[in-house]
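Peer 1: First, the structure itself, so that you have it in front of you.
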Amino acid sequence: MTDTDGTLFAQVRDPANRADPYPLYARLRAQPVARQDDGTWVASGYAAIRALLHDPRVSSEDLPPAEHPATGNPLKDFFVNPLKDWITDRHRPFIFRDPPDHGLLRRQVMGQFTVARVRGMKRRTEALVDECLKACSGATRFDLVDDLAYPLPVTVICEMLGVPREDEARFHAWATQLATALEPESRNDADLRARNTETFDAIAAYMRDLIREKRRSPADDMLSGLATAKDPEAGRMSDPDLVATAILLLIAGHETTVNLITNGMLTLLRHPDELARLRTDPERAPRVIEELLRYEPPVHFRTRLTRAPIPVAGVTIPQGVPLVLLFAAGNRDPARFPDPDRFDPDREDNQHFGFGGALHYCVGAPLARIEAEAALTALVARLREPRLAEDPPPYRSGASLRGPERLLLDIRGIA
């Protein structure tokens with residue numbers, strides 16, 4: 001098998017390689033932009049990814065047309081569902097939109113995702129971490145995912161959006177299902193697309209009801225602000241865009257920070273010297289988290305579509321083909337980072353792709369950093385003699401949103 005093997009990205013997506021895809025990434029980087037056997041083009045080199053992130057010929061509008069499956073009901077099949085599909089296609093979440101729509105929607109979101117609001121969650125986040133750890137007092141086995149990494153960001157995003165926390169069980173199932181839309185398999189799997197359509201209809205109906213309530217009785221939360229604010233250029237966000245935006249923010253709050261915290265603690269346990277340094281010097285946390293975002297990012301790749309032929313890295317990507325920006329591979333490119341497979345929080349010039357980049361840089365990045373810092377500093381300080389109960393841990397099925405399904409730790413108690 002050669003380094004130009006056109007099945008490498010298929011191997012990356014194989015769950016058997018979920019625990020350690022990095023050797024495959026290294027082989028892909030031998031050709032920084034390469035065509036795969038299925039017609040997908042993969043950018044794995046740092047310089048190529050950076051160039052493509054800033055190239056207007058690369059489109060984020062790569063989802064296939066919405067399509068409700070046939071129900072046998074003529075009214076639904078010929079009138080209701082085609083109208084729903086039309087609305088869905090024109091009001092995708094802004095991570096699947098290009099300029100100018102993307103910029104208008106993102107600006108409206110950032111008008112609510114303010115620095116003051118995010119910073120205002122710091123103490124609350126620290127208190128929530130404390131609550132999670134106190135709830136496990138006396139335990140000798142700790143599942144980082146269920147006991148902290150999942151409930152923390154879910155509670156934070158629910159409170160910021162103004163979504164009732166008691167509905168979380170429903171969100172969990174919805175978020176888990178809709179996160180599969182980021183995986184390339186979702187484009188061609190009819191059953192998976194049907195499940196995603198059904199799930200989107202369910203969460204959209206929930207959000208429409210909640211938005212109506214926010215407009216009747218606005219509160220000091222992001223969803224109320226988005227539902228009532230008027231942008232100077234775009235006016236008030238339309239209901240379909242507001243629903244799609246609320247769903248995106250809720251799912252992102254469920255999924256990515258869970259991976260950042262869990263991957264972070266797993267990495268520290270595999271590097272006990274760094275864990276000990278963080279325990280004795282919590283001020284190192286920002287450097288640790290930046291290196292974690294490079295070394296074990298929560299999102300490994302995003303998909304795109306080319307709108308024109310694009311010369312890059314010695315090849316020309318054709319027009320109209322699927323493109324993968326393999327961020328996690330670029331983060332370990334030896335042409336950009338010295339000794340890239342070494343976890344080094346003292347690394348200088350750490351311009352990673354941990355939160356993507358360019359127009360689509362993650363809007364929740366400052367919040368994710370706050371949550372990760374609160375969680376990791378508390379974990380290393382308060383878990384007594386934590387040890388991995390299984391290494392590698394079992395991973396969730398997704399290759400794009402990559403993280404452990406659980407992370408069992410044996411401990412001698414919680415301080």
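For the structure tokens, the naming scheme is as follows: chains receive sequential letters (A, B, ...) according to their order of presentation, residues are indexed from 1 within each chain, and ligands are indexed from 1 in presentation order.
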Which polymer residues have any atom within 12 Å of an atom of Met207 (chain A), counting only C-alpha atoms, with same-chain residues fewer than 4 positions away left out, as a ChimeraX atom specification?
Peer 2: /A:161-164,167,171,200-203,211-214,223-224,227,239-250
Peer 1: Could you please take those selected residues and save C-alpha atoms as a short mmCIF file (atom, residue, chain, number, x, y, z; two decimals), in the first residue's frame?
Peer 2:
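So part27.cif came out as:
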```cif
data_model
loop_
_atom_site.label_atom_id
_atom_site.label_comp_id
_atom_site.auth_asym_id
_atom_site.auth_seq_id
_atom_site.Cartn_x
_atom_site.Cartn_y
_atom_site.Cartn_z
CA LEU A 161 -29.62 30.22 25.19
CA GLY A 162 -32.48 30.19 27.66
CA VAL A 163 -33.44 26.57 26.97
CA PRO A 164 -35.02 24.62 29.84
CA ASP A 167 -35.60 19.05 28.44
CA PHE A 171 -31.77 17.35 23.28
CA PHE A 200 -34.65 17.99 12.55
CA ASP A 201 -38.45 18.28 12.24
CA ALA A 202 -38.81 17.35 15.92
CA ILE A 203 -36.23 19.78 17.27
CA ILE A 211 -39.07 31.14 20.21
CA ARG A 212 -42.74 32.17 20.33
CA GLU A 213 -42.52 32.11 24.12
CA LYS A 214 -39.33 34.21 24.06
CA LEU A 223 -32.46 33.17 22.22
CA SER A 224 -34.57 36.10 23.44
CA ALA A 227 -35.71 36.59 18.51
CA ASP A 239 -37.99 32.46 11.85
CA PRO A 240 -36.45 29.66 9.71
CA ASP A 241 -32.96 31.15 10.18
CA LEU A 242 -33.57 31.61 13.89
CA VAL A 243 -34.68 28.00 14.29
CA ALA A 244 -31.66 26.73 12.34
CA THR A 245 -29.30 28.95 14.35
CA ALA A 246 -30.73 27.89 17.70
CA ILE A 247 -30.43 24.23 16.73
CA LEU A 248 -26.81 24.74 15.62
CA LEU A 249 -25.82 26.48 18.86
CA LEU A 250 -27.51 23.85 20.99
#
```
Peer 1: For region 70-139 of chain A against region 354-360 of chain A, with a cut-off of 12 Å and counting only C-alpha atoms, what is the closest atom pair and its distance in Å to one decimal for every residue that makes the cut, ordered by chain and number, as CSV?
Peer 2:
```
residue,atom,partner,partner_atom,distance
A:Pro93,CA,A:His360,CA,11.8
A:Phe94,CA,A:His360,CA,8.8
A:Ile95,CA,A:His360,CA,6.6
A:Phe96,CA,A:His360,CA,9.4
A:Arg97,CA,A:His360,CA,9.6
A:Asp98,CA,A:Leu359,CA,9.1
A:Pro99,CA,A:Leu359,CA,9.0
A:Pro100,CA,A:Leu359,CA,11.0
A:Asp101,CA,A:Leu359,CA,11.8
A:His102,CA,A:Leu359,CA,8.4
A:Gly103,CA,A:Leu359,CA,8.0
A:Leu104,CA,A:Leu359,CA,11.7
A:Leu105,CA,A:His360,CA,11.6
A:Arg106,CA,A:His360,CA,8.9
A:Arg107,CA,A:Leu359,CA,11.1
```
Peer 1: Include N, CA and C atoms and write out the residues we just selected as a PDB file, in the first residue's frame.
Peer 2:
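Saved result, out_27.pdb, follows:
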```
ATOM      1  N   PRO A  93     -28.258  26.086   8.717  1.00  0.00           N
ATOM      2  CA  PRO A  93     -27.434  26.730   9.743  1.00  0.00           C
ATOM      3  C   PRO A  93     -26.248  27.444   9.096  1.00  0.00           C
ATOM      4  N   PHE A  94     -25.763  28.509   9.735  1.00  0.00           N
ATOM      5  CA  PHE A  94     -24.798  29.368   9.041  1.00  0.00           C
ATOM      6  C   PHE A  94     -23.450  28.698   8.799  1.00  0.00           C
ATOM      7  N   ILE A  95     -23.133  27.592   9.457  1.00  0.00           N
ATOM      8  CA  ILE A  95     -21.886  26.898   9.126  1.00  0.00           C
ATOM      9  C   ILE A  95     -21.990  26.218   7.762  1.00  0.00           C
ATOM     10  N   PHE A  96     -23.200  26.107   7.226  1.00  0.00           N
ATOM     11  CA  PHE A  96     -23.409  25.555   5.886  1.00  0.00           C
ATOM     12  C   PHE A  96     -23.829  26.641   4.898  1.00  0.00           C
ATOM     13  N   ARG A  97     -23.457  27.888   5.169  1.00  0.00           N
ATOM     14  CA  ARG A  97     -23.839  29.009   4.298  1.00  0.00           C
ATOM     15  C   ARG A  97     -22.587  29.766   3.849  1.00  0.00           C
ATOM     16  N   ASP A  98     -22.650  30.344   2.669  1.00  0.00           N
ATOM     17  CA  ASP A  98     -21.575  31.166   2.125  1.00  0.00           C
ATOM     18  C   ASP A  98     -21.943  32.642   2.247  1.00  0.00           C
ATOM     19  N   PRO A  99     -20.968  33.528   2.036  1.00  0.00           N
ATOM     20  CA  PRO A  99     -21.292  34.958   1.980  1.00  0.00           C
ATOM     21  C   PRO A  99     -22.260  35.235   0.829  1.00  0.00           C
ATOM     22  N   PRO A 100     -23.132  36.254   0.963  1.00  0.00           N
ATOM     23  CA  PRO A 100     -23.212  37.166   2.110  1.00  0.00           C
ATOM     24  C   PRO A 100     -24.066  36.648   3.265  1.00  0.00           C
ATOM     25  N   ASP A 101     -24.853  35.581   3.033  1.00  0.00           N
ATOM     26  CA  ASP A 101     -25.757  35.102   4.085  1.00  0.00           C
ATOM     27  C   ASP A 101     -24.991  34.729   5.353  1.00  0.00           C
ATOM     28  N   HIS A 102     -23.867  34.051   5.177  1.00  0.00           N
ATOM     29  CA  HIS A 102     -23.107  33.614   6.340  1.00  0.00           C
ATOM     30  C   HIS A 102     -22.709  34.799   7.224  1.00  0.00           C
ATOM     31  N   GLY A 103     -22.193  35.845   6.584  1.00  0.00           N
ATOM     32  CA  GLY A 103     -21.729  36.990   7.361  1.00  0.00           C
ATOM     33  C   GLY A 103     -22.852  37.679   8.116  1.00  0.00           C
ATOM     34  N   LEU A 104     -24.019  37.807   7.483  1.00  0.00           N
ATOM     35  CA  LEU A 104     -25.153  38.458   8.148  1.00  0.00           C
ATOM     36  C   LEU A 104     -25.613  37.654   9.357  1.00  0.00           C
ATOM     37  N   LEU A 105     -25.756  36.345   9.178  1.00  0.00           N
ATOM     38  CA  LEU A 105     -26.222  35.504  10.277  1.00  0.00           C
ATOM     39  C   LEU A 105     -25.181  35.445  11.389  1.00  0.00           C
ATOM     40  N   ARG A 106     -23.909  35.312  11.015  1.00  0.00           N
ATOM     41  CA  ARG A 106     -22.853  35.237  12.031  1.00  0.00           C
ATOM     42  C   ARG A 106     -22.802  36.529  12.847  1.00  0.00           C
ATOM     43  N   ARG A 107     -22.946  37.671  12.158  1.00  0.00           N
ATOM     44  CA  ARG A 107     -22.903  38.947  12.887  1.00  0.00           C
ATOM     45  C   ARG A 107     -24.045  39.030  13.898  1.00  0.00           C
TER      46      ARG A 107
END
```
Peer 1: Applying 10 Å and only C-alpha atoms, which residues near Gln31 (chain A) remain after dropping the ones on its own chain fewer than 5 positions away? List them as a ChimeraX atom specification.
Peer 2: /A:3-4,26,42-45,313-315
Peer 1: Could you make a table, as a Markdown table, of the residues of region 309-355 of chain A that have an atom within 9 Å of an atom of region 51-67 of chain A, each with its nearest atom pair and distance in Å to one decimal, counting only C-alpha atoms, in chain and number order?
Peer 2:
```
| residue | atom | partner | partner_atom | distance |
| --- | --- | --- | --- | --- |
| A:Pro309 | CA | A:Arg57 | CA | 8.0 |
| A:Ile310 | CA | A:Arg57 | CA | 7.4 |
| A:Val312 | CA | A:Ala51 | CA | 7.9 |
| A:Gln319 | CA | A:Arg57 | CA | 8.9 |
| A:Pro322 | CA | A:Asp62 | CA | 7.6 |
| A:Leu323 | CA | A:Val58 | CA | 8.4 |
| A:Leu325 | CA | A:Leu52 | CA | 8.1 |
```
Peer 1: Export N, CA, C and O atoms of the chosen residues as a PDB file, in the first residue's frame?
Peer 2:
```pdb
ATOM      1  N   PRO A 309     -12.330  25.311 -10.512  1.00  0.00           N
ATOM      2  CA  PRO A 309     -11.050  24.617 -10.376  1.00  0.00           C
ATOM      3  C   PRO A 309     -10.102  25.420  -9.468  1.00  0.00           C
ATOM      4  O   PRO A 309     -10.026  26.651  -9.570  1.00  0.00           O
ATOM      5  N   ILE A 310      -9.363  24.723  -8.594  1.00  0.00           N
ATOM      6  CA  ILE A 310      -8.496  25.399  -7.624  1.00  0.00           C
ATOM      7  C   ILE A 310      -7.103  24.787  -7.661  1.00  0.00           C
ATOM      8  O   ILE A 310      -6.910  23.647  -7.231  1.00  0.00           O
ATOM      9  N   VAL A 312      -3.654  24.146  -6.084  1.00  0.00           N
ATOM     10  CA  VAL A 312      -3.110  24.214  -4.730  1.00  0.00           C
ATOM     11  C   VAL A 312      -2.172  23.026  -4.521  1.00  0.00           C
ATOM     12  O   VAL A 312      -2.451  21.916  -4.984  1.00  0.00           O
ATOM     13  N   GLN A 319     -13.682  21.559 -10.351  1.00  0.00           N
ATOM     14  CA  GLN A 319     -14.924  22.204  -9.930  1.00  0.00           C
ATOM     15  C   GLN A 319     -15.972  21.155  -9.587  1.00  0.00           C
ATOM     16  O   GLN A 319     -16.055  20.101 -10.209  1.00  0.00           O
ATOM     17  N   PRO A 322     -16.485  17.135  -3.899  1.00  0.00           N
ATOM     18  CA  PRO A 322     -16.411  17.240  -2.435  1.00  0.00           C
ATOM     19  C   PRO A 322     -14.963  17.377  -1.986  1.00  0.00           C
ATOM     20  O   PRO A 322     -14.064  16.727  -2.522  1.00  0.00           O
ATOM     21  N   LEU A 323     -14.764  18.231  -0.999  1.00  0.00           N
ATOM     22  CA  LEU A 323     -13.438  18.525  -0.468  1.00  0.00           C
ATOM     23  C   LEU A 323     -13.482  18.379   1.041  1.00  0.00           C
ATOM     24  O   LEU A 323     -14.423  18.842   1.692  1.00  0.00           O
ATOM     25  N   LEU A 325     -11.350  19.276   4.475  1.00  0.00           N
ATOM     26  CA  LEU A 325     -10.259  19.991   5.148  1.00  0.00           C
ATOM     27  C   LEU A 325      -9.940  19.222   6.422  1.00  0.00           C
ATOM     28  O   LEU A 325     -10.682  19.275   7.402  1.00  0.00           O
TER      29      LEU A 325
END
```
Peer 1: Pick the closest to Gln11 (chain A) from A:Leu401, A:Leu28, A:Cys158, A:Leu293: which is it, counting only C-alpha atoms?
Peer 2: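 Answer, going by the shortest atom-to-atom distance: A:Leu28.
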Peer 1: Could you pull the residues within 12 Å of Phe353 (chain A), counting only C-alpha atoms, minus those fewer than 3 positions along the same chain, as a VMD selection string?
Peer 2: chain A and resid 44 to 47 49 to 50 53 290 to 302 325 to 333 336 350 356 to 358 360 to 362 365
Peer 1: Quick one: residues within 12 Å of Thr257 (chain A), only C-alpha atoms counted, chain neighbours fewer than 2 positions away excluded, as a PyMOL selection string?
Peer 2: chain A and resi 145+148-157+249-255+259-264+289+293+297-299+354-355+362+364-376+401-403
Peer 1: Record the distance separating CA of Asn196 (chain A) and CA of Ala19 (chain A), expressed in Å with one decimal.
Peer 2: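 Value for the CA of Asn196 (chain A)-CA of Ala19 (chain A) distance: 25.9 Å.
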Peer 1: Write out as a PyMOL selection string the residues lying within 9 Å of Ala10 (chain A), counting only C-alpha atoms and excluding same-chain residues fewer than 4 positions away.
Peer 2: chain A and resi 6+14+36-38
Peer 1: Those selected residues, please, written with all heavy atoms and delivered as an mmCIF file, in the first residue's frame.
Peer 2:
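Final output, out26.cif:
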```cif
data_model
loop_
_atom_site.group_PDB
_atom_site.id
_atom_site.type_symbol
_atom_site.label_atom_id
_atom_site.label_comp_id
_atom_site.auth_asym_id
_atom_site.auth_seq_id
_atom_site.Cartn_x
_atom_site.Cartn_y
_atom_site.Cartn_z
ATOM 1 N N GLY A 6 -5.632 5.673 -2.545
ATOM 2 C CA GLY A 6 -6.866 6.441 -2.570
ATOM 3 C C GLY A 6 -7.914 5.993 -1.584
ATOM 4 O O GLY A 6 -9.045 6.490 -1.612
ATOM 5 N N ASP A 14 -13.163 4.640 9.101
ATOM 6 C CA ASP A 14 -13.430 3.310 9.646
ATOM 7 C C ASP A 14 -13.332 3.366 11.175
ATOM 8 O O ASP A 14 -12.292 3.756 11.714
ATOM 9 C CB ASP A 14 -12.409 2.319 9.094
ATOM 10 C CG ASP A 14 -12.676 0.882 9.520
ATOM 11 O OD1 ASP A 14 -13.412 0.661 10.499
ATOM 12 O OD2 ASP A 14 -12.128 -0.028 8.868
ATOM 13 N N GLN A 36 -9.258 10.934 -3.588
ATOM 14 C CA GLN A 36 -9.552 9.596 -3.089
ATOM 15 C C GLN A 36 -10.346 8.808 -4.138
ATOM 16 O O GLN A 36 -10.902 9.372 -5.079
ATOM 17 C CB GLN A 36 -10.351 9.696 -1.782
ATOM 18 C CG GLN A 36 -9.608 10.434 -0.672
ATOM 19 C CD GLN A 36 -8.346 9.732 -0.255
ATOM 20 O OE1 GLN A 36 -8.387 8.696 0.409
ATOM 21 N NE2 GLN A 36 -7.189 10.277 -0.636
ATOM 22 N N ASP A 37 -10.411 7.517 -3.950
ATOM 23 C CA ASP A 37 -11.048 6.652 -4.945
ATOM 24 C C ASP A 37 -12.531 6.976 -5.156
ATOM 25 O O ASP A 37 -13.077 6.700 -6.226
ATOM 26 C CB ASP A 37 -10.905 5.185 -4.528
ATOM 27 C CG ASP A 37 -9.482 4.674 -4.671
ATOM 28 O OD1 ASP A 37 -8.655 5.388 -5.284
ATOM 29 O OD2 ASP A 37 -9.184 3.580 -4.156
ATOM 30 N N ASP A 38 -13.180 7.545 -4.127
ATOM 31 C CA ASP A 38 -14.602 7.858 -4.266
ATOM 32 C C ASP A 38 -14.853 9.230 -4.880
ATOM 33 O O ASP A 38 -16.004 9.679 -4.970
ATOM 34 C CB ASP A 38 -15.301 7.761 -2.907
ATOM 35 C CG ASP A 38 -14.806 8.802 -1.903
ATOM 36 O OD1 ASP A 38 -13.878 9.575 -2.242
ATOM 37 O OD2 ASP A 38 -15.338 8.832 -0.777
#
```
Peer 1: Env of Ala389 (chain A): 9 Å cut, atoms = only C-alpha atoms, seq-sep filter 4 positions within chain, self excluded. Answer as a list in words.
Peer 2: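 Listed by chain and then number, they are Arg141, Pro393, Leu407, Leu408, Leu409 and Asp410 of chain A.
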Peer 1: Just the alpha helix (DSSP H) stuff from region 72-211 of chain A, please, per backbone DSSP, written as a PyMOL selection string.
Peer 2: chain A and resi 74-75+81-90+101-110+115-120+122-135+144+151-161+168-178+190-211
Peer 1: In Å, rounded to a single decimal, give me how far CA of Tyr22 (chain A) is from CA of Ala335 (chain A).
Peer 2: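 These atoms are spaced 15.6 Å apart.
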Peer 1: Using only C-alpha atoms, which residue out of A:Val324, A:Ala308, A:Val258, A:Leu379 lies closest to Glu405 (chain A)?
Peer 2: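 Closest to Glu405 (chain A) of all the choices is A:Val258.
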Peer 1: Extract the full set of strand (DSSP E) residues from region 120-349 of chain A according to DSSP on the backbone, and format it as a ChimeraX atom specification.
Peer 2: /A:141-143,230-231,235-236,302-306,310-312,315-317,322-325
Peer 1: Interatomic distance between CA of Ala179 (chain A) and CA of Ala205 (chain A)?
Peer 2: 18.1 Å
Peer 1: Taking only C-alpha atoms into account, name the residue in A:Ser400, A:Ser217, A:Ala135, A:Thr306 that is nearest to Thr40 (chain A).
Peer 2: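 Checking each candidate against Thr40 (chain A), we get A:Thr306 as the closest.
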